[in-house]
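Have a look at the structure below, then the notes.
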2 protein chains.
Amino acid sequence: MPLYARALAALESQGRFVVSSKELGEAVAVSDAQIRKDLAYFGRFGKQGRGYDVQKLLDELRRILGLNRQWRMTLVGTGRLGRAILGYEGFSPQGFRIVHAFDSDVGMIGKDVGGLTVHSTEDIEKLLSEDPVDIGIVAVPAETAQNVIDRLVKCGIRAILNYTPVTAHVPDDVQMKRIDPVLSLQGMTYHLKAASGA
Amino acid sequence: MPLYARALAALESQGRFVVSSKELGEAVAVSDAQIRKDLAYFGRFGKQGRGYDVQKLLDELRRILGLNRQWRMTLVGTGRLGRAILGYEGFSPQGFRIVHAFDSDVGMIGKDVGGLTVHSTEDIEKLLSEDPVDIGIVAVPAETAQNVIDRLVKCGIRAILNYTPVTAHVPDDVQMKRIDPVLSLQGMTYHLKAASGA
């Protein structure tokens, strides 16, 4: 679904008004039958033989996916990876804004990184109760990951983006997604090996 | 499967010899029934009531997944994101090594970034034919992503790690995984919205 919204936004910026399920399918590498099935679930947007109204479908998808609003995020961990996350330019155009940064390293606390003052991880509970966020981004060393995630969940955060190499545990009502390039690579090497017969 | 290997490596480094399917399941957030099912597929490692031999299972999983060897990678795009990828310390301990870096920006070409000399993207075909790699990492601007991926595929690369915000197309015999934190966030906001009733 987020992919559909992204493809539609690209079409909109090209000044397109109507798109066929076939063309939308090609843009997101999905069959047009699958497109019709997925979008049918969200109501009737398309007309047989006429295609989808780009603007209408995009507005509706954005509303359904919660992309028509700002989401506030907190970042824990301002090491090399955390600083790269703070410098990532892809978040804000999509409505995602990092509003605090925390670190446990006394050498980092108080410093300005990417326009934010780094707070001590000891102040996570205090700051998040005064200034709540929707999403927590965790970029701490593996050994402290579960502890940090537990604390964010206790602060009421219901969505975690986990950049650590750890399979952390969260309650059923908390969403967690991992960003782990090594895991992605390891998911491909099995097939590479099989293909080469090695 | 890569998650099992990672959990087993952690147990091995703690000096453990045997692990139960229940304990391994907890480490990767999977039911012990699923563990037994997954591992049964790869042959008989466990003994009823005795658990799995950590070292034996880890060696076998590494062999099956192709984690017992070095994988050579090439990076295209040495902007802010590409430089963060070059600086990422998680690849080499897992056997993944970036051996070339390319950029189309004349201001970057010839520079040393993370110990590698940046080559012109014009030289992709030449350098990859002299010095082939297994995996391509793409961190170029969205508008050039498909073109770069097509060129890497033509050079014989069969696995692509795509850091661009683009749904690129690859032949069926090429693996591609996306690393896109915004897509991961958008996959969670739908649920956040539903939970808050907003």
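Letters A, B, ... go to the chains of the structure tokens in the order shown; residues in each chain start at 1; ligands are counted from 1 in the same order.
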Next on the checklist: Distance limit 9 Å, atoms considered: only C-alpha atoms. Which chain B residues sit that close to chain A? Return them as a VMD selection string.
Outcome noted: chain B and resid 1 to 3 6 to 7 26 to 29 64 to 67 71 80 to 81 84 87 to 88 90 to 91 94 96 134 to 135 158 to 161 165 to 169 173 to 195 198
Chain A on chain B, least-squares, complete ordered Cα pairing, as an mmCIF file with C-alpha atoms, in the first residue's frame:
```cif
data_model
loop_
_atom_site.group_PDB
_atom_site.id
_atom_site.type_symbol
_atom_site.label_atom_id
_atom_site.label_comp_id
_atom_site.auth_asym_id
_atom_site.auth_seq_id
_atom_site.Cartn_x
_atom_site.Cartn_y
_atom_site.Cartn_z
ATOM 1 C CA MET A 1 17.018 -18.573 8.797
ATOM 2 C CA PRO A 2 19.634 -15.786 9.030
ATOM 3 C CA LEU A 3 18.027 -14.920 12.384
ATOM 4 C CA TYR A 4 18.531 -18.464 13.646
ATOM 5 C CA ALA A 5 22.187 -18.328 12.627
ATOM 6 C CA ARG A 6 22.595 -15.026 14.447
ATOM 7 C CA ALA A 7 20.949 -16.305 17.642
ATOM 8 C CA LEU A 8 23.070 -19.472 17.552
ATOM 9 C CA ALA A 9 26.266 -17.422 17.073
ATOM 10 C CA ALA A 10 25.338 -15.417 20.192
ATOM 11 C CA LEU A 11 24.775 -18.647 22.158
ATOM 12 C CA GLU A 12 28.078 -20.049 20.890
ATOM 13 C CA SER A 13 29.961 -16.939 22.022
ATOM 14 C CA GLN A 14 28.381 -17.447 25.479
ATOM 15 C CA GLY A 15 29.946 -20.906 25.558
ATOM 16 C CA ARG A 16 26.661 -22.816 25.178
ATOM 17 C CA PHE A 17 26.730 -26.330 23.674
ATOM 18 C CA VAL A 18 23.049 -27.243 23.537
ATOM 19 C CA VAL A 19 19.875 -25.205 23.004
ATOM 20 C CA SER A 20 16.204 -26.206 23.172
ATOM 21 C CA SER A 21 13.778 -25.268 20.401
ATOM 22 C CA LYS A 22 11.862 -23.266 23.031
ATOM 23 C CA GLU A 23 14.891 -21.173 23.960
ATOM 24 C CA LEU A 24 15.936 -20.664 20.343
ATOM 25 C CA GLY A 25 12.357 -19.686 19.561
ATOM 26 C CA GLU A 26 12.345 -17.058 22.291
ATOM 27 C CA ALA A 27 15.609 -15.613 20.966
ATOM 28 C CA VAL A 28 14.124 -15.037 17.508
ATOM 29 C CA ALA A 29 10.498 -14.401 18.572
ATOM 30 C CA VAL A 30 9.138 -17.537 16.862
ATOM 31 C CA SER A 31 7.170 -20.433 18.388
ATOM 32 C CA ASP A 32 9.134 -23.578 19.255
ATOM 33 C CA ALA A 33 6.813 -25.573 16.982
ATOM 34 C CA GLN A 34 7.834 -23.296 14.093
ATOM 35 C CA ILE A 35 11.521 -23.735 14.981
ATOM 36 C CA ARG A 36 11.188 -27.530 14.878
ATOM 37 C CA LYS A 37 9.354 -27.282 11.553
ATOM 38 C CA ASP A 38 11.902 -24.888 9.977
ATOM 39 C CA LEU A 39 14.905 -26.863 11.100
ATOM 40 C CA ALA A 40 13.393 -30.226 10.233
ATOM 41 C CA TYR A 41 13.367 -29.030 6.632
ATOM 42 C CA PHE A 42 17.168 -28.849 6.706
ATOM 43 C CA GLY A 43 17.640 -32.312 8.139
ATOM 44 C CA ARG A 44 17.774 -33.815 11.604
ATOM 45 C CA PHE A 45 19.708 -31.654 14.029
ATOM 46 C CA GLY A 46 17.791 -32.019 17.250
ATOM 47 C CA LYS A 47 17.083 -34.964 19.468
ATOM 48 C CA GLN A 48 13.761 -35.248 21.261
ATOM 49 C CA GLY A 49 14.141 -33.853 24.773
ATOM 50 C CA ARG A 50 17.826 -33.100 24.368
ATOM 51 C CA GLY A 51 17.874 -29.917 22.287
ATOM 52 C CA TYR A 52 20.078 -28.899 19.390
ATOM 53 C CA ASP A 53 23.862 -29.090 19.247
ATOM 54 C CA VAL A 54 24.687 -25.364 18.946
ATOM 55 C CA GLN A 55 27.964 -25.746 17.053
ATOM 56 C CA LYS A 56 26.714 -28.399 14.620
ATOM 57 C CA LEU A 57 23.501 -26.535 13.814
ATOM 58 C CA LEU A 58 25.342 -23.224 13.400
ATOM 59 C CA ASP A 59 27.942 -24.747 11.036
ATOM 60 C CA GLU A 60 25.229 -26.369 8.949
ATOM 61 C CA LEU A 61 23.086 -23.210 8.794
ATOM 62 C CA ARG A 62 26.116 -21.117 7.808
ATOM 63 C CA ARG A 63 26.948 -23.582 5.044
ATOM 64 C CA ILE A 64 23.356 -23.643 3.781
ATOM 65 C CA LEU A 65 22.973 -19.854 3.908
ATOM 66 C CA GLY A 66 26.359 -19.177 2.345
ATOM 67 C CA LEU A 67 27.580 -17.390 5.471
ATOM 68 C CA ASN A 68 30.795 -19.407 5.691
ATOM 69 C CA ARG A 69 32.488 -17.403 2.952
ATOM 70 C CA GLN A 70 33.326 -13.855 1.899
ATOM 71 C CA TRP A 71 30.937 -11.957 -0.381
ATOM 72 C CA ARG A 72 32.322 -9.123 -2.492
ATOM 73 C CA MET A 73 30.141 -6.060 -3.044
ATOM 74 C CA THR A 74 30.280 -2.944 -5.188
ATOM 75 C CA LEU A 75 28.709 0.363 -4.136
ATOM 76 C CA VAL A 76 27.222 2.839 -6.611
ATOM 77 C CA GLY A 77 26.575 6.286 -5.141
ATOM 78 C CA THR A 78 28.875 7.969 -2.615
ATOM 79 C CA GLY A 79 26.639 10.810 -1.473
ATOM 80 C CA ARG A 80 25.691 11.191 2.185
ATOM 81 C CA LEU A 81 23.877 7.826 2.230
ATOM 82 C CA GLY A 82 26.625 5.999 0.294
ATOM 83 C CA ARG A 83 29.291 7.296 2.645
ATOM 84 C CA ALA A 84 27.244 6.127 5.657
ATOM 85 C CA ILE A 85 27.044 2.671 4.014
ATOM 86 C CA LEU A 86 30.830 2.658 3.474
ATOM 87 C CA GLY A 87 31.279 3.541 7.139
ATOM 88 C CA TYR A 88 28.858 0.859 8.394
ATOM 89 C CA GLU A 89 30.779 -1.515 10.616
ATOM 90 C CA GLY A 90 28.272 -4.374 10.526
ATOM 91 C CA PHE A 91 29.167 -5.777 7.090
ATOM 92 C CA SER A 92 32.711 -7.102 7.420
ATOM 93 C CA PRO A 93 32.248 -9.224 10.594
ATOM 94 C CA GLN A 94 29.521 -11.095 8.660
ATOM 95 C CA GLY A 95 31.684 -11.684 5.587
ATOM 96 C CA PHE A 96 30.399 -8.832 3.397
ATOM 97 C CA ARG A 97 33.057 -6.533 1.941
ATOM 98 C CA ILE A 98 32.620 -3.470 -0.287
ATOM 99 C CA VAL A 99 35.498 -3.571 -2.792
ATOM 100 C CA HIS A 100 34.658 -0.668 -5.145
ATOM 101 C CA ALA A 101 32.773 2.611 -4.975
ATOM 102 C CA PHE A 102 31.369 4.549 -7.941
ATOM 103 C CA ASP A 103 29.910 8.017 -8.345
ATOM 104 C CA SER A 104 28.863 10.175 -11.281
ATOM 105 C CA ASP A 105 29.814 13.446 -9.522
ATOM 106 C CA VAL A 106 33.165 14.672 -10.882
ATOM 107 C CA GLY A 107 33.754 16.289 -7.488
ATOM 108 C CA MET A 108 33.767 12.808 -5.868
ATOM 109 C CA ILE A 109 35.679 10.816 -8.504
ATOM 110 C CA GLY A 110 39.244 10.057 -7.443
ATOM 111 C CA LYS A 111 38.574 10.865 -3.801
ATOM 112 C CA ASP A 112 39.281 8.393 -1.034
ATOM 113 C CA VAL A 113 36.147 7.429 0.917
ATOM 114 C CA GLY A 114 36.402 4.871 3.696
ATOM 115 C CA GLY A 115 39.661 3.498 2.238
ATOM 116 C CA LEU A 116 38.312 3.130 -1.324
ATOM 117 C CA THR A 117 39.038 5.336 -4.332
ATOM 118 C CA VAL A 118 35.792 6.571 -5.918
ATOM 119 C CA HIS A 119 35.561 5.573 -9.608
ATOM 120 C CA SER A 120 33.446 7.166 -12.305
ATOM 121 C CA THR A 121 30.134 5.380 -12.943
ATOM 122 C CA GLU A 122 31.238 5.357 -16.611
ATOM 123 C CA ASP A 123 33.768 2.684 -15.612
ATOM 124 C CA ILE A 124 31.257 0.283 -13.973
ATOM 125 C CA GLU A 125 31.349 -2.250 -16.842
ATOM 126 C CA LYS A 126 35.128 -2.098 -17.246
ATOM 127 C CA LEU A 127 35.959 -2.462 -13.556
ATOM 128 C CA LEU A 128 33.356 -5.171 -12.879
ATOM 129 C CA SER A 129 34.584 -7.273 -15.824
ATOM 130 C CA GLU A 130 38.170 -7.081 -14.490
ATOM 131 C CA ASP A 131 37.160 -7.552 -10.860
ATOM 132 C CA PRO A 132 33.706 -9.166 -10.540
ATOM 133 C CA VAL A 133 31.600 -8.985 -7.376
ATOM 134 C CA ASP A 134 28.621 -10.926 -6.013
ATOM 135 C CA ILE A 135 26.397 -8.117 -4.795
ATOM 136 C CA GLY A 136 25.627 -4.555 -5.883
ATOM 137 C CA ILE A 137 24.612 -1.829 -3.428
ATOM 138 C CA VAL A 138 22.707 1.041 -5.032
ATOM 139 C CA ALA A 139 22.571 4.398 -3.227
ATOM 140 C CA VAL A 140 22.071 6.780 -6.170
ATOM 141 C CA PRO A 141 19.342 9.411 -6.673
ATOM 142 C CA ALA A 142 15.911 7.979 -7.538
ATOM 143 C CA GLU A 143 15.974 9.108 -11.174
ATOM 144 C CA THR A 144 19.109 7.097 -12.061
ATOM 145 C CA ALA A 145 18.340 4.005 -9.913
ATOM 146 C CA GLN A 146 16.775 1.784 -12.587
ATOM 147 C CA ASN A 147 19.539 2.582 -15.096
ATOM 148 C CA VAL A 148 22.295 1.736 -12.586
ATOM 149 C CA ILE A 149 20.532 -1.485 -11.557
ATOM 150 C CA ASP A 150 20.130 -2.525 -15.222
ATOM 151 C CA ARG A 151 23.850 -1.985 -15.791
ATOM 152 C CA LEU A 152 24.841 -4.000 -12.704
ATOM 153 C CA VAL A 153 22.578 -6.856 -13.822
ATOM 154 C CA LYS A 154 24.180 -6.783 -17.301
ATOM 155 C CA CYS A 155 27.570 -7.087 -15.563
ATOM 156 C CA GLY A 156 26.380 -10.413 -14.113
ATOM 157 C CA ILE A 157 25.431 -9.277 -10.615
ATOM 158 C CA ARG A 158 22.639 -11.489 -9.219
ATOM 159 C CA ALA A 159 21.902 -9.737 -5.914
ATOM 160 C CA ILE A 160 21.092 -6.057 -5.382
ATOM 161 C CA LEU A 161 20.664 -4.140 -2.148
ATOM 162 C CA ASN A 162 18.513 -1.167 -3.173
ATOM 163 C CA TYR A 163 18.771 1.877 -0.870
ATOM 164 C CA THR A 164 16.882 4.144 -3.292
ATOM 165 C CA PRO A 165 13.196 5.030 -2.821
ATOM 166 C CA VAL A 166 12.471 3.341 -6.168
ATOM 167 C CA THR A 167 10.616 0.103 -6.948
ATOM 168 C CA ALA A 168 13.123 -1.071 -9.540
ATOM 169 C CA HIS A 169 12.644 -3.985 -11.920
ATOM 170 C CA VAL A 170 15.057 -6.899 -12.174
ATOM 171 C CA PRO A 171 14.934 -10.206 -14.085
ATOM 172 C CA ASP A 172 13.527 -13.236 -12.236
ATOM 173 C CA ASP A 173 16.975 -14.711 -11.634
ATOM 174 C CA VAL A 174 18.161 -11.590 -9.782
ATOM 175 C CA GLN A 175 17.490 -11.078 -6.054
ATOM 176 C CA MET A 176 16.749 -7.562 -4.856
ATOM 177 C CA LYS A 177 16.106 -6.309 -1.326
ATOM 178 C CA ARG A 178 15.124 -2.779 -0.412
ATOM 179 C CA ILE A 179 16.391 -0.798 2.526
ATOM 180 C CA ASP A 180 13.912 2.027 2.882
ATOM 181 C CA PRO A 181 13.148 3.312 6.391
ATOM 182 C CA VAL A 182 10.277 5.497 5.141
ATOM 183 C CA LEU A 183 8.552 2.462 3.633
ATOM 184 C CA SER A 184 8.960 0.650 6.961
ATOM 185 C CA LEU A 185 7.502 3.638 8.830
ATOM 186 C CA GLN A 186 4.577 3.854 6.419
ATOM 187 C CA GLY A 187 3.927 0.171 7.018
ATOM 188 C CA MET A 188 3.414 0.995 10.713
ATOM 189 C CA THR A 189 1.441 4.254 10.572
ATOM 190 C CA TYR A 190 -1.598 2.454 9.184
ATOM 191 C CA HIS A 191 -1.746 0.359 12.354
ATOM 192 C CA LEU A 192 -0.998 3.364 14.602
ATOM 193 C CA LYS A 193 -3.877 5.218 13.026
ATOM 194 C CA ALA A 194 -6.198 2.233 13.449
ATOM 195 C CA ALA A 195 -5.183 1.805 17.106
ATOM 196 C CA SER A 196 -5.767 5.458 17.968
ATOM 197 C CA GLY A 197 -9.042 5.479 16.055
ATOM 198 C CA ALA A 198 -7.889 8.645 14.285
#
```
Checklist entry - Among stretch 60-154 of chain A, which residues carry a DSSP assignment of strand (DSSP E or B), reported as a ChimeraX atom specification? => result /A:71-76,96-103,112-113,116-120,135-138
Those of stretch 14-118 of chain B in DSSP alpha helix (DSSP H), formatted as an mmCIF file with C-alpha atoms, in the first residue's frame:
```cif
data_model
loop_
_atom_site.group_PDB
_atom_site.id
_atom_site.type_symbol
_atom_site.label_atom_id
_atom_site.label_comp_id
_atom_site.auth_asym_id
_atom_site.auth_seq_id
_atom_site.Cartn_x
_atom_site.Cartn_y
_atom_site.Cartn_z
ATOM 1 C CA SER B 21 13.808 -25.283 20.421
ATOM 2 C CA LYS B 22 11.890 -23.286 23.065
ATOM 3 C CA GLU B 23 14.922 -21.169 23.974
ATOM 4 C CA LEU B 24 15.956 -20.668 20.349
ATOM 5 C CA GLY B 25 12.362 -19.711 19.563
ATOM 6 C CA GLU B 26 12.347 -17.066 22.294
ATOM 7 C CA ALA B 27 15.602 -15.611 20.943
ATOM 8 C CA VAL B 28 14.100 -15.047 17.493
ATOM 9 C CA ASP B 32 9.170 -23.616 19.272
ATOM 10 C CA ALA B 33 6.842 -25.630 17.015
ATOM 11 C CA GLN B 34 7.862 -23.364 14.115
ATOM 12 C CA ILE B 35 11.552 -23.783 15.005
ATOM 13 C CA ARG B 36 11.223 -27.567 14.900
ATOM 14 C CA LYS B 37 9.386 -27.337 11.584
ATOM 15 C CA ASP B 38 11.915 -24.943 9.997
ATOM 16 C CA LEU B 39 14.934 -26.907 11.117
ATOM 17 C CA ALA B 40 13.415 -30.281 10.264
ATOM 18 C CA TYR B 41 13.388 -29.084 6.665
ATOM 19 C CA VAL B 54 24.739 -25.356 18.936
ATOM 20 C CA GLN B 55 28.013 -25.737 17.041
ATOM 21 C CA LYS B 56 26.756 -28.397 14.611
ATOM 22 C CA LEU B 57 23.542 -26.544 13.819
ATOM 23 C CA LEU B 58 25.375 -23.231 13.388
ATOM 24 C CA ASP B 59 27.963 -24.732 11.021
ATOM 25 C CA GLU B 60 25.243 -26.373 8.943
ATOM 26 C CA LEU B 61 23.086 -23.219 8.786
ATOM 27 C CA ARG B 62 26.102 -21.112 7.796
ATOM 28 C CA ARG B 63 26.931 -23.582 5.027
ATOM 29 C CA ILE B 64 23.342 -23.653 3.770
ATOM 30 C CA LEU B 65 22.946 -19.867 3.896
ATOM 31 C CA ARG B 80 25.699 11.168 2.177
ATOM 32 C CA LEU B 81 23.875 7.818 2.219
ATOM 33 C CA GLY B 82 26.620 5.985 0.293
ATOM 34 C CA ARG B 83 29.285 7.282 2.655
ATOM 35 C CA ALA B 84 27.234 6.106 5.653
ATOM 36 C CA ILE B 85 27.022 2.653 4.010
ATOM 37 C CA LEU B 86 30.822 2.640 3.476
ATOM 38 C CA GLY B 87 31.243 3.514 7.147
#
```
